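Structure file protein39.cif; described as mmCIF, C-alpha atoms.
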```
data_start
loop_
_atom_site.group_PDB
_atom_site.id
_atom_site.type_symbol
_atom_site.label_atom_id
_atom_site.label_comp_id
_atom_site.auth_asym_id
_atom_site.auth_seq_id
_atom_site.Cartn_x
_atom_site.Cartn_y
_atom_site.Cartn_z
ATOM 1 C CA MET A 1 16.338 -1.620 -57.250
ATOM 2 C CA ALA A 2 16.222 -3.579 -54.003
ATOM 3 C CA TRP A 3 16.404 -0.490 -51.801
ATOM 4 C CA LEU A 4 13.529 1.160 -53.699
ATOM 5 C CA GLN A 5 11.354 -1.942 -53.213
ATOM 6 C CA LEU A 6 12.202 -1.894 -49.502
ATOM 7 C CA ILE A 7 11.076 1.728 -49.166
ATOM 8 C CA LYS A 8 7.800 0.969 -50.962
ATOM 9 C CA ALA A 9 7.155 -2.031 -48.671
ATOM 10 C CA PHE A 10 7.784 0.120 -45.591
ATOM 11 C CA ALA A 11 5.430 2.824 -46.914
ATOM 12 C CA ARG A 12 2.643 0.276 -47.411
ATOM 13 C CA ARG A 13 3.072 -0.978 -43.802
ATOM 14 C CA PHE A 14 2.969 2.585 -42.480
ATOM 15 C CA VAL A 15 -0.306 3.229 -44.315
ATOM 16 C CA ILE A 16 -1.794 0.123 -42.700
ATOM 17 C CA LEU A 17 -0.481 0.829 -39.175
ATOM 18 C CA GLY A 18 -0.833 4.585 -39.297
ATOM 19 C CA PRO A 19 -4.526 4.818 -38.312
ATOM 20 C CA ARG A 20 -3.929 2.434 -35.391
ATOM 21 C CA LEU A 21 -1.067 4.540 -34.120
ATOM 22 C CA LEU A 22 -3.165 7.689 -34.424
ATOM 23 C CA PHE A 23 -5.962 5.953 -32.517
ATOM 24 C CA LEU A 24 -3.636 5.073 -29.662
ATOM 25 C CA LEU A 25 -2.388 8.647 -29.479
ATOM 26 C CA ALA A 26 -5.948 9.969 -29.533
ATOM 27 C CA VAL A 27 -7.233 7.814 -26.676
ATOM 28 C CA CYS A 28 -4.096 8.083 -24.533
ATOM 29 C CA PRO A 29 -3.228 11.803 -24.367
ATOM 30 C CA GLY A 30 -2.630 11.545 -20.640
ATOM 31 C CA ILE A 31 0.142 9.011 -21.093
ATOM 32 C CA ALA A 32 2.038 11.242 -23.473
ATOM 33 C CA SER A 33 1.592 14.378 -21.400
ATOM 34 C CA LYS A 34 2.626 12.735 -18.132
ATOM 35 C CA ALA A 35 5.740 11.297 -19.711
ATOM 36 C CA LYS A 36 6.954 14.816 -20.440
ATOM 37 C CA GLU A 37 6.613 16.006 -16.858
ATOM 38 C CA PRO A 38 9.726 15.594 -14.683
ATOM 39 C CA PRO A 39 9.010 13.804 -11.393
ATOM 40 C CA PRO A 40 8.914 16.051 -8.299
ATOM 41 C CA ALA A 41 12.283 16.269 -6.597
ATOM 42 C CA ASN A 42 11.014 14.775 -3.332
ATOM 43 C CA LYS A 43 8.948 11.980 -4.872
ATOM 44 C CA ALA A 44 10.073 8.458 -5.703
ATOM 45 C CA THR A 45 9.573 7.169 -9.219
ATOM 46 C CA PRO A 46 9.206 3.436 -9.966
ATOM 47 C CA ILE A 47 12.778 3.377 -11.275
ATOM 48 C CA GLN A 48 14.097 5.065 -8.150
ATOM 49 C CA SER A 49 12.108 2.689 -5.988
ATOM 50 C CA ILE A 50 13.568 -0.517 -7.369
ATOM 51 C CA GLN A 51 16.656 0.027 -9.482
ATOM 52 C CA SER A 52 18.613 2.999 -8.143
ATOM 53 C CA PRO A 53 20.775 2.064 -5.151
ATOM 54 C CA ALA A 54 21.869 4.748 -2.748
ATOM 55 C CA LYS A 55 25.400 5.851 -3.589
ATOM 56 C CA ASN A 56 26.466 5.884 0.041
ATOM 57 C CA ARG A 57 25.044 2.497 1.029
ATOM 58 C CA THR A 58 27.069 0.739 3.709
ATOM 59 C CA LYS A 59 27.271 -2.941 4.563
ATOM 60 C CA GLN A 60 23.796 -4.344 5.101
ATOM 61 C CA LEU A 61 22.679 -4.619 8.692
ATOM 62 C CA TYR A 62 22.340 -8.101 10.179
ATOM 63 C CA ILE A 63 19.887 -8.541 13.037
ATOM 64 C CA LYS A 64 19.547 -11.601 15.225
ATOM 65 C CA GLU A 65 15.750 -11.750 15.527
ATOM 66 C CA ILE A 66 13.344 -10.635 12.773
ATOM 67 C CA SER A 67 10.096 -11.663 14.464
ATOM 68 C CA ARG A 68 8.046 -9.257 16.550
ATOM 69 C CA HIS A 69 6.734 -11.165 19.526
ATOM 70 C CA PRO A 70 2.917 -11.284 19.605
ATOM 71 C CA SER A 71 2.887 -9.580 23.009
ATOM 72 C CA ASP A 72 4.738 -6.525 21.619
ATOM 73 C CA LEU A 73 1.882 -4.054 21.150
ATOM 74 C CA PRO A 74 0.639 -0.894 22.875
ATOM 75 C CA PRO A 75 -1.222 -1.767 26.094
ATOM 76 C CA SER A 76 -3.921 0.789 25.298
ATOM 77 C CA ALA A 77 -4.709 3.740 23.064
ATOM 78 C CA ASN A 78 -3.755 6.147 25.849
ATOM 79 C CA TYR A 79 -0.253 7.130 24.754
ATOM 80 C CA THR A 80 0.934 10.102 22.731
ATOM 81 C CA LEU A 81 4.348 9.069 21.366
ATOM 82 C CA TYR A 82 5.795 6.057 19.560
ATOM 83 C CA LYS A 83 9.510 6.398 18.905
ATOM 84 C CA ASP A 84 12.568 4.128 19.013
ATOM 85 C CA GLY A 85 10.427 1.064 19.627
ATOM 86 C CA ALA A 86 8.646 2.435 22.712
ATOM 87 C CA TYR A 87 5.102 3.636 23.393
ATOM 88 C CA SER A 88 5.503 6.546 25.780
ATOM 89 C CA LYS A 89 3.977 9.743 27.207
ATOM 90 C CA PRO A 90 0.879 7.969 28.522
ATOM 91 C CA VAL A 91 -2.352 9.778 29.369
ATOM 92 C CA LYS A 92 -3.790 8.546 32.659
ATOM 93 C CA HIS A 93 -7.209 10.097 32.256
ATOM 94 C CA ARG A 94 -8.266 10.541 28.655
ATOM 95 C CA HIS A 95 -10.745 13.323 27.989
ATOM 96 C CA GLY A 96 -11.772 13.390 24.341
ATOM 97 C CA THR A 97 -9.357 12.773 21.489
ATOM 98 C CA LEU A 98 -5.566 12.669 21.418
ATOM 99 C CA THR A 99 -2.811 13.489 18.962
ATOM 100 C CA ILE A 100 -0.331 10.618 18.734
ATOM 101 C CA GLU A 101 3.132 11.230 17.306
ATOM 102 C CA ALA A 102 4.503 8.107 15.620
ATOM 103 C CA HIS A 103 7.963 7.601 14.105
ATOM 104 C CA PHE A 104 8.681 4.668 11.798
ATOM 105 C CA LYS A 105 12.223 3.921 10.652
ATOM 106 C CA ILE A 106 12.851 1.850 7.545
ATOM 107 C CA GLN A 107 15.517 -0.793 8.105
ATOM 108 C CA GLU A 108 16.720 -2.974 5.234
ATOM 109 C CA VAL A 109 18.303 -5.932 7.004
ATOM 110 C CA VAL A 110 19.436 -9.545 6.724
ATOM 111 C CA ALA A 111 18.161 -12.036 9.295
ATOM 112 C CA GLU A 112 17.519 -15.738 9.793
ATOM 113 C CA ILE A 113 14.118 -16.998 8.777
ATOM 114 C CA ALA A 114 15.106 -20.550 9.731
ATOM 115 C CA LYS A 115 18.217 -21.937 11.378
ATOM 116 C CA GLY A 116 21.099 -21.493 8.923
ATOM 117 C CA THR A 117 18.899 -19.786 6.317
ATOM 118 C CA THR A 118 18.762 -16.017 5.833
ATOM 119 C CA LEU A 119 16.716 -13.586 3.755
ATOM 120 C CA GLU A 120 16.866 -9.883 3.045
ATOM 121 C CA PHE A 121 14.012 -8.167 4.857
ATOM 122 C CA TRP A 122 12.712 -4.621 4.536
ATOM 123 C CA THR A 123 11.184 -3.609 7.833
ATOM 124 C CA PHE A 124 9.488 -0.911 9.818
ATOM 125 C CA ASN A 125 11.676 -0.562 12.929
ATOM 126 C CA GLY A 126 13.571 -3.804 12.393
ATOM 127 C CA LYS A 127 10.793 -6.305 13.114
ATOM 128 C CA ILE A 128 8.010 -8.098 11.253
ATOM 129 C CA PRO A 129 5.245 -7.101 11.405
ATOM 130 C CA GLY A 130 5.788 -3.375 11.811
ATOM 131 C CA PRO A 131 4.708 -1.597 15.016
ATOM 132 C CA MET A 132 1.011 -1.509 15.804
ATOM 133 C CA ILE A 133 -0.553 1.933 15.866
ATOM 134 C CA ARG A 134 -3.400 1.938 18.355
ATOM 135 C CA ALA A 135 -5.772 4.857 18.715
ATOM 136 C CA ARG A 136 -9.444 5.758 19.065
ATOM 137 C CA ALA A 137 -11.874 7.147 16.536
ATOM 138 C CA GLY A 138 -11.333 10.881 16.263
ATOM 139 C CA ASP A 139 -7.658 10.770 17.278
ATOM 140 C CA LYS A 140 -5.047 12.417 15.078
ATOM 141 C CA ILE A 141 -1.778 10.785 14.077
ATOM 142 C CA ASP A 142 1.340 12.849 13.431
ATOM 143 C CA PHE A 143 3.269 10.283 11.393
ATOM 144 C CA TYR A 144 6.951 10.497 10.445
ATOM 145 C CA LEU A 145 8.648 8.056 8.076
ATOM 146 C CA HIS A 146 12.454 7.991 8.309
ATOM 147 C CA ASN A 147 14.472 6.331 5.539
ATOM 148 C CA PRO A 148 18.176 6.288 6.581
ATOM 149 C CA LYS A 149 20.773 7.220 3.990
ATOM 150 C CA ASN A 150 22.432 3.776 4.090
ATOM 151 C CA ASN A 151 19.269 2.138 2.686
ATOM 152 C CA THR A 152 18.975 1.283 -0.991
ATOM 153 C CA PHE A 153 15.342 1.853 -1.886
ATOM 154 C CA SER A 154 12.613 4.448 -1.645
ATOM 155 C CA HIS A 155 9.664 3.498 0.581
ATOM 156 C CA ASN A 156 6.319 4.876 1.753
ATOM 157 C CA VAL A 157 3.258 3.799 3.769
ATOM 158 C CA ASP A 158 -0.296 3.157 2.587
ATOM 159 C CA PHE A 159 -2.598 3.313 5.620
ATOM 160 C CA HIS A 160 -5.898 1.563 4.939
ATOM 161 C CA ALA A 161 -7.307 3.528 7.887
ATOM 162 C CA VAL A 162 -6.670 6.801 6.034
ATOM 163 C CA THR A 163 -8.865 8.329 3.343
ATOM 164 C CA GLY A 164 -6.878 10.022 0.590
ATOM 165 C CA PRO A 165 -4.485 9.271 -2.283
ATOM 166 C CA GLY A 166 -2.995 5.872 -1.519
ATOM 167 C CA GLY A 167 -3.873 6.099 2.159
ATOM 168 C CA GLY A 168 -1.236 8.808 2.580
ATOM 169 C CA ALA A 169 1.355 7.038 0.430
ATOM 170 C CA ALA A 170 1.365 9.837 -2.133
ATOM 171 C CA ASN A 171 2.794 12.182 0.501
ATOM 172 C CA LEU A 172 5.129 9.648 2.097
ATOM 173 C CA ASN A 173 7.398 8.669 -0.800
ATOM 174 C CA THR A 174 10.729 8.819 1.022
ATOM 175 C CA LEU A 175 14.121 8.466 -0.627
ATOM 176 C CA PRO A 176 17.145 7.199 1.338
ATOM 177 C CA GLY A 177 18.409 9.959 3.603
ATOM 178 C CA SER A 178 14.983 11.635 3.837
ATOM 179 C CA THR A 179 12.052 11.966 6.236
ATOM 180 C CA SER A 180 8.394 12.435 5.280
ATOM 181 C CA HIS A 181 5.463 13.526 7.429
ATOM 182 C CA ILE A 182 1.671 13.507 7.327
ATOM 183 C CA ARG A 183 -1.045 14.331 9.857
ATOM 184 C CA VAL A 184 -4.285 12.349 9.616
ATOM 185 C CA LYS A 185 -7.517 11.974 11.542
ATOM 186 C CA LEU A 186 -8.832 8.475 12.184
ATOM 187 C CA LEU A 187 -12.581 8.557 11.577
ATOM 188 C CA LYS A 188 -13.944 5.011 11.813
ATOM 189 C CA PRO A 189 -13.285 2.164 14.276
ATOM 190 C CA GLY A 190 -11.775 -1.002 12.867
ATOM 191 C CA ILE A 191 -8.618 -3.045 12.344
ATOM 192 C CA TYR A 192 -6.739 -1.839 9.275
ATOM 193 C CA LEU A 193 -3.668 -2.933 7.348
ATOM 194 C CA TYR A 194 -0.819 -0.652 6.467
ATOM 195 C CA HIS A 195 1.984 -1.502 4.045
ATOM 196 C CA CYS A 196 4.592 0.004 1.779
ATOM 197 C CA ALA A 197 3.050 0.975 -1.556
ATOM 198 C CA ALA A 198 6.231 1.877 -3.433
ATOM 199 C CA PRO A 199 6.181 0.147 -6.826
ATOM 200 C CA PRO A 200 6.058 -2.700 -7.414
ATOM 201 C CA ILE A 201 3.871 -3.015 -4.319
ATOM 202 C CA PRO A 202 3.958 -6.848 -3.984
ATOM 203 C CA ILE A 203 7.774 -6.827 -3.822
ATOM 204 C CA HIS A 204 7.784 -4.406 -0.890
ATOM 205 C CA ILE A 205 5.075 -6.384 0.898
ATOM 206 C CA GLU A 206 6.866 -9.693 0.268
ATOM 207 C CA HIS A 207 9.999 -8.292 1.920
ATOM 208 C CA GLY A 208 8.161 -7.466 5.169
ATOM 209 C CA LEU A 209 6.820 -3.898 5.093
ATOM 210 C CA TYR A 210 3.396 -4.145 6.756
ATOM 211 C CA GLY A 211 1.507 -3.927 10.027
ATOM 212 C CA LEU A 212 -1.810 -3.041 11.662
ATOM 213 C CA VAL A 213 -3.609 0.103 12.749
ATOM 214 C CA VAL A 214 -6.235 -0.543 15.415
ATOM 215 C CA VAL A 215 -8.862 2.191 15.727
ATOM 216 C CA GLU A 216 -10.987 1.630 18.809
ATOM 217 C CA PRO A 217 -14.453 3.132 19.329
ATOM 218 C CA ARG A 218 -14.434 6.528 21.041
ATOM 219 C CA LYS A 219 -15.152 4.896 24.408
ATOM 220 C CA GLY A 220 -12.444 2.287 23.913
ATOM 221 C CA LEU A 221 -12.505 -1.491 24.205
ATOM 222 C CA ARG A 222 -13.338 -3.367 27.363
ATOM 223 C CA ASP A 223 -10.383 -4.540 29.437
ATOM 224 C CA VAL A 224 -9.041 -8.062 29.002
ATOM 225 C CA ASP A 225 -6.247 -9.969 30.728
ATOM 226 C CA HIS A 226 -4.033 -10.566 27.667
ATOM 227 C CA GLU A 227 -3.670 -9.176 24.164
ATOM 228 C CA TYR A 228 -1.631 -10.431 21.188
ATOM 229 C CA TYR A 229 -0.665 -9.194 17.727
ATOM 230 C CA LEU A 230 -0.297 -11.655 14.825
ATOM 231 C CA MET A 231 0.114 -11.218 11.066
ATOM 232 C CA GLN A 232 0.278 -13.904 8.390
ATOM 233 C CA SER A 233 2.516 -13.426 5.368
ATOM 234 C CA GLU A 234 4.546 -15.269 2.733
ATOM 235 C CA PHE A 235 8.130 -15.181 1.470
ATOM 236 C CA TYR A 236 9.158 -16.318 -2.004
ATOM 237 C CA THR A 237 12.604 -17.736 -2.820
ATOM 238 C CA PRO A 238 14.233 -19.835 -5.570
ATOM 239 C CA LEU A 239 13.457 -22.918 -3.454
ATOM 240 C CA GLY A 240 9.834 -22.582 -4.551
ATOM 241 C CA GLY A 241 7.002 -24.083 -2.534
ATOM 242 C CA ASP A 242 5.921 -27.463 -1.178
ATOM 243 C CA LYS A 243 8.997 -28.034 0.994
ATOM 244 C CA VAL A 244 8.964 -29.734 4.375
ATOM 245 C CA ALA A 245 10.261 -27.605 7.227
ATOM 246 C CA THR A 246 13.485 -29.580 7.604
ATOM 247 C CA ALA A 247 14.407 -28.775 3.977
ATOM 248 C CA LEU A 248 14.344 -25.053 4.754
ATOM 249 C CA LYS A 249 17.202 -25.120 7.259
ATOM 250 C CA ASN A 250 20.885 -24.534 6.539
ATOM 251 C CA ARG A 251 20.297 -23.261 3.005
ATOM 252 C CA GLY A 252 22.481 -20.185 3.353
ATOM 253 C CA HIS A 253 21.275 -16.851 2.006
ATOM 254 C CA LEU A 254 18.203 -17.015 -0.254
ATOM 255 C CA SER A 255 17.273 -14.295 -2.698
ATOM 256 C CA HIS A 256 13.753 -13.151 -3.416
ATOM 257 C CA SER A 257 11.977 -14.892 -6.313
ATOM 258 C CA LYS A 258 9.522 -12.787 -8.317
ATOM 259 C CA GLU A 259 8.747 -15.830 -10.473
ATOM 260 C CA TYR A 260 7.449 -17.947 -7.590
ATOM 261 C CA GLY A 261 5.566 -14.907 -6.295
ATOM 262 C CA VAL A 262 3.677 -14.699 -9.593
ATOM 263 C CA LEU A 263 2.975 -18.442 -9.377
ATOM 264 C CA GLU A 264 1.735 -17.965 -5.782
ATOM 265 C CA GLU A 265 4.091 -20.698 -4.550
ATOM 266 C CA PRO A 266 5.698 -19.410 -1.330
ATOM 267 C CA THR A 267 8.663 -21.072 0.305
ATOM 268 C CA PHE A 268 7.601 -19.775 3.722
ATOM 269 C CA VAL A 269 4.085 -19.119 5.050
ATOM 270 C CA VAL A 270 4.485 -17.640 8.494
ATOM 271 C CA PHE A 271 3.053 -15.610 11.323
ATOM 272 C CA ASN A 272 5.158 -12.670 12.503
ATOM 273 C CA GLY A 273 8.035 -12.984 10.110
ATOM 274 C CA ARG A 274 9.371 -16.519 10.513
ATOM 275 C CA PRO A 275 8.369 -20.102 11.339
ATOM 276 C CA ASN A 276 7.792 -20.855 15.031
ATOM 277 C CA ALA A 277 7.463 -17.151 15.897
ATOM 278 C CA ALA A 278 4.614 -17.989 18.261
ATOM 279 C CA SER A 279 5.513 -21.519 19.384
ATOM 280 C CA GLY A 280 8.068 -23.188 21.644
ATOM 281 C CA ASN A 281 9.368 -20.758 24.237
ATOM 282 C CA ARG A 282 7.461 -17.999 22.382
ATOM 283 C CA THR A 283 4.074 -19.677 22.728
ATOM 284 C CA LEU A 284 1.262 -17.279 23.574
ATOM 285 C CA GLY A 285 0.761 -17.184 27.308
ATOM 286 C CA VAL A 286 4.284 -18.450 28.036
ATOM 287 C CA TYR A 287 6.668 -15.698 26.969
ATOM 288 C CA GLY A 288 6.408 -12.558 29.089
ATOM 289 C CA ASP A 289 3.108 -13.426 30.737
ATOM 290 C CA THR A 290 1.180 -16.489 31.842
ATOM 291 C CA VAL A 291 -2.379 -17.240 30.794
ATOM 292 C CA HIS A 292 -4.495 -18.890 33.454
ATOM 293 C CA VAL A 293 -7.770 -20.759 33.149
ATOM 294 C CA GLY A 294 -10.573 -18.223 33.063
ATOM 295 C CA ASP A 295 -8.411 -15.354 31.729
ATOM 296 C CA THR A 296 -9.783 -13.248 28.908
ATOM 297 C CA ILE A 297 -7.703 -12.900 25.718
ATOM 298 C CA ARG A 298 -7.913 -10.566 22.717
ATOM 299 C CA VAL A 299 -5.948 -11.317 19.528
ATOM 300 C CA PHE A 300 -5.485 -8.754 16.755
ATOM 301 C CA ILE A 301 -4.892 -10.722 13.543
ATOM 302 C CA GLY A 302 -3.941 -9.367 10.140
ATOM 303 C CA ASN A 303 -3.342 -11.169 6.847
ATOM 304 C CA ILE A 304 -1.125 -9.279 4.399
ATOM 305 C CA GLY A 305 -0.519 -12.199 2.028
ATOM 306 C CA PRO A 306 0.151 -10.980 -0.574
ATOM 307 C CA ASN A 307 -1.449 -14.111 -2.051
ATOM 308 C CA LEU A 308 -2.693 -16.625 0.519
ATOM 309 C CA ILE A 309 -5.382 -16.151 3.152
ATOM 310 C CA SER A 310 -5.635 -17.423 6.729
ATOM 311 C CA SER A 311 -9.050 -18.985 6.241
ATOM 312 C CA SER A 312 -7.989 -21.307 3.415
#
```
Starting from the file, lay out its structure as structure tokens.
Amino acid sequence: MAWLQLIKAFARRFVILGPRLLFLLAVCPGIASKAKEPPPANKATPIQSIQSPAKNRTKQLYIKEISRHPSDLPPSANYTLYKDGAYSKPVKHRHGTLTIEAHFKIQEVVAEIAKGTTLEFWTFNGKIPGPMIRARAGDKIDFYLHNPKNNTFSHNVDFHAVTGPGGGAANLNTLPGSTSHIRVKLLKPGIYLYHCAAPPIPIHIEHGLYGLVVVEPRKGLRDVDHEYYLMQSEFYTPLGGDKVATALKNRGHLSHSKEYGVLEEPTFVVFNGRPNAASGNRTLGVYGDTVHVGDTIRVFIGNIGPNLISSS
């Protein structure tokens, strides 16, 4: 009978595939065991991070200016609080190390990237790049990540200046309506990236969640007349790449394109969140301060990509 022949054919296939299936189960016991464990209540899973919108999400926030001006950075490492966009509680005479309390607020917003063209951005404190954390080797950072309840996604922070699981990200998975906290000690001088490491990581980076941590030597850096903060990044949209600047204006609202991200073909390659963020009336040495001949200048530059590099 036809059904009996079908059963025999299936049995023969099972005999052939059976050893391979057993091999996979033998070499991957961790996969099976982890799948049975429920995720911790206060941790974000990949599904929560990308696909589960907050039930109480309100209308998305529109902000007029997405770009952080290059002169917006802490004037020194001698402060003890960053909150609500301000570096405060300065220390006039530093003796030894400090503990700096820093509060970052996730803001999922819509803003213009070019005249008449908007994108959805995910930001630390409403600007791109996120705030600079500036400290000295040996300082401690009390870091708080706030994810308002009207946001859609879970977020965290991976500090490249921090040793530990995911640079602290494992303890900073923060669902909408929650706050997470870590305390870390900065051990080595350097300029370090930080970024959201919620999965998939490139998507969170491509939307704008990144910045710099500057760890000065214990004795600090020598004084200069001017300092600036710049970060290169890319944004991927259905327009693809290889477009002249004039073709990027008045295109309405553009969605994110994972496909062009995989192809490494960005629509926008920018410093500080949008084209012309450091030109025109925002040119370095024009906006907010004036650079004179003979002045000394220090520029902190980061390159988050996630694909292209500044030296290419």
* Residues selected by the PyMOL selection byres ((chain A and resi 141-155) around 6), written as number ranges by chain -> A: 49, 53-54, 57-58, 99-106, 140, 156, 173-184, 198
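Among the candidates A:Leu284, A:Val269, A:Ala197, A:Val110, the residue lying nearest to Pro165 in chain A is A:Ala197 (atoms considered: only C-alpha atoms).
We find CA of Pro217 in chain A and CA of Gly138 in chain A to be spaced 8.9 Å apart.
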* To do: Show which residues sit within 8 Å of Tyr194 in chain A, as a list in words. Count all atoms listed in the file, and ignore same-chain residues fewer than 3 positions away.
  => Val157, Asp158, Phe159, His160, Ala161, Tyr210, Gly211, Leu212 and Val213 of chain A
I'd like to see the residues matched by the PyMOL selection byres ((chain A and resi 255-260) around 8) on this file, and ideally I'd get them as a compact mmCIF listing (two decimals) with C-alpha atoms, in the coordinates of the input.
```
# COMPACT_ATOMS: atom_id res chain seq x y z
CA LEU A 119 16.72 -13.59 3.76
CA GLU A 120 16.87 -9.88 3.04
CA ILE A 203 7.77 -6.83 -3.82
CA PHE A 235 8.13 -15.18 1.47
CA TYR A 236 9.16 -16.32 -2.00
CA THR A 237 12.60 -17.74 -2.82
CA PRO A 238 14.23 -19.84 -5.57
CA GLY A 240 9.83 -22.58 -4.55
CA GLY A 241 7.00 -24.08 -2.53
CA HIS A 253 21.28 -16.85 2.01
CA LEU A 254 18.20 -17.02 -0.25
CA GLY A 261 5.57 -14.91 -6.30
CA VAL A 262 3.68 -14.70 -9.59
CA LEU A 263 2.98 -18.44 -9.38
CA GLU A 264 1.74 -17.96 -5.78
CA GLU A 265 4.09 -20.70 -4.55
CA PRO A 266 5.70 -19.41 -1.33
```
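For range 272-282 of chain A, the set of protein, DNA and RNA residues having any atom at most 9 Å away, when counting all atoms listed in the file and skipping those fewer than 5 positions along the same chain, is A:Ile66, A:Ser67, A:Arg68, A:His69, A:Pro70, A:Glu112, A:Ile113, A:Ala114, A:Lys127, A:Ile128, A:Pro129, A:Gly208, A:Tyr229, A:Leu230, A:Met231, A:Gln232, A:Ser233, A:Glu234, A:Phe235, A:Ala245, A:Tyr287, A:Gly288.
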Using C-alpha atoms, can you write the selected residues to a file as a short mmCIF file (atom, residue, chain, number, x, y, z; two decimals), in the coordinates of the input?
```
data_model
loop_
_atom_site.label_atom_id
_atom_site.label_comp_id
_atom_site.auth_asym_id
_atom_site.auth_seq_id
_atom_site.Cartn_x
_atom_site.Cartn_y
_atom_site.Cartn_z
CA ILE A 66 13.34 -10.64 12.77
CA SER A 67 10.10 -11.66 14.46
CA ARG A 68 8.05 -9.26 16.55
CA HIS A 69 6.73 -11.16 19.53
CA PRO A 70 2.92 -11.28 19.60
CA GLU A 112 17.52 -15.74 9.79
CA ILE A 113 14.12 -17.00 8.78
CA ALA A 114 15.11 -20.55 9.73
CA LYS A 127 10.79 -6.30 13.11
CA ILE A 128 8.01 -8.10 11.25
CA PRO A 129 5.24 -7.10 11.40
CA GLY A 208 8.16 -7.47 5.17
CA TYR A 229 -0.66 -9.19 17.73
CA LEU A 230 -0.30 -11.66 14.82
CA MET A 231 0.11 -11.22 11.07
CA GLN A 232 0.28 -13.90 8.39
CA SER A 233 2.52 -13.43 5.37
CA GLU A 234 4.55 -15.27 2.73
CA PHE A 235 8.13 -15.18 1.47
CA ALA A 245 10.26 -27.60 7.23
CA TYR A 287 6.67 -15.70 26.97
CA GLY A 288 6.41 -12.56 29.09
#
```
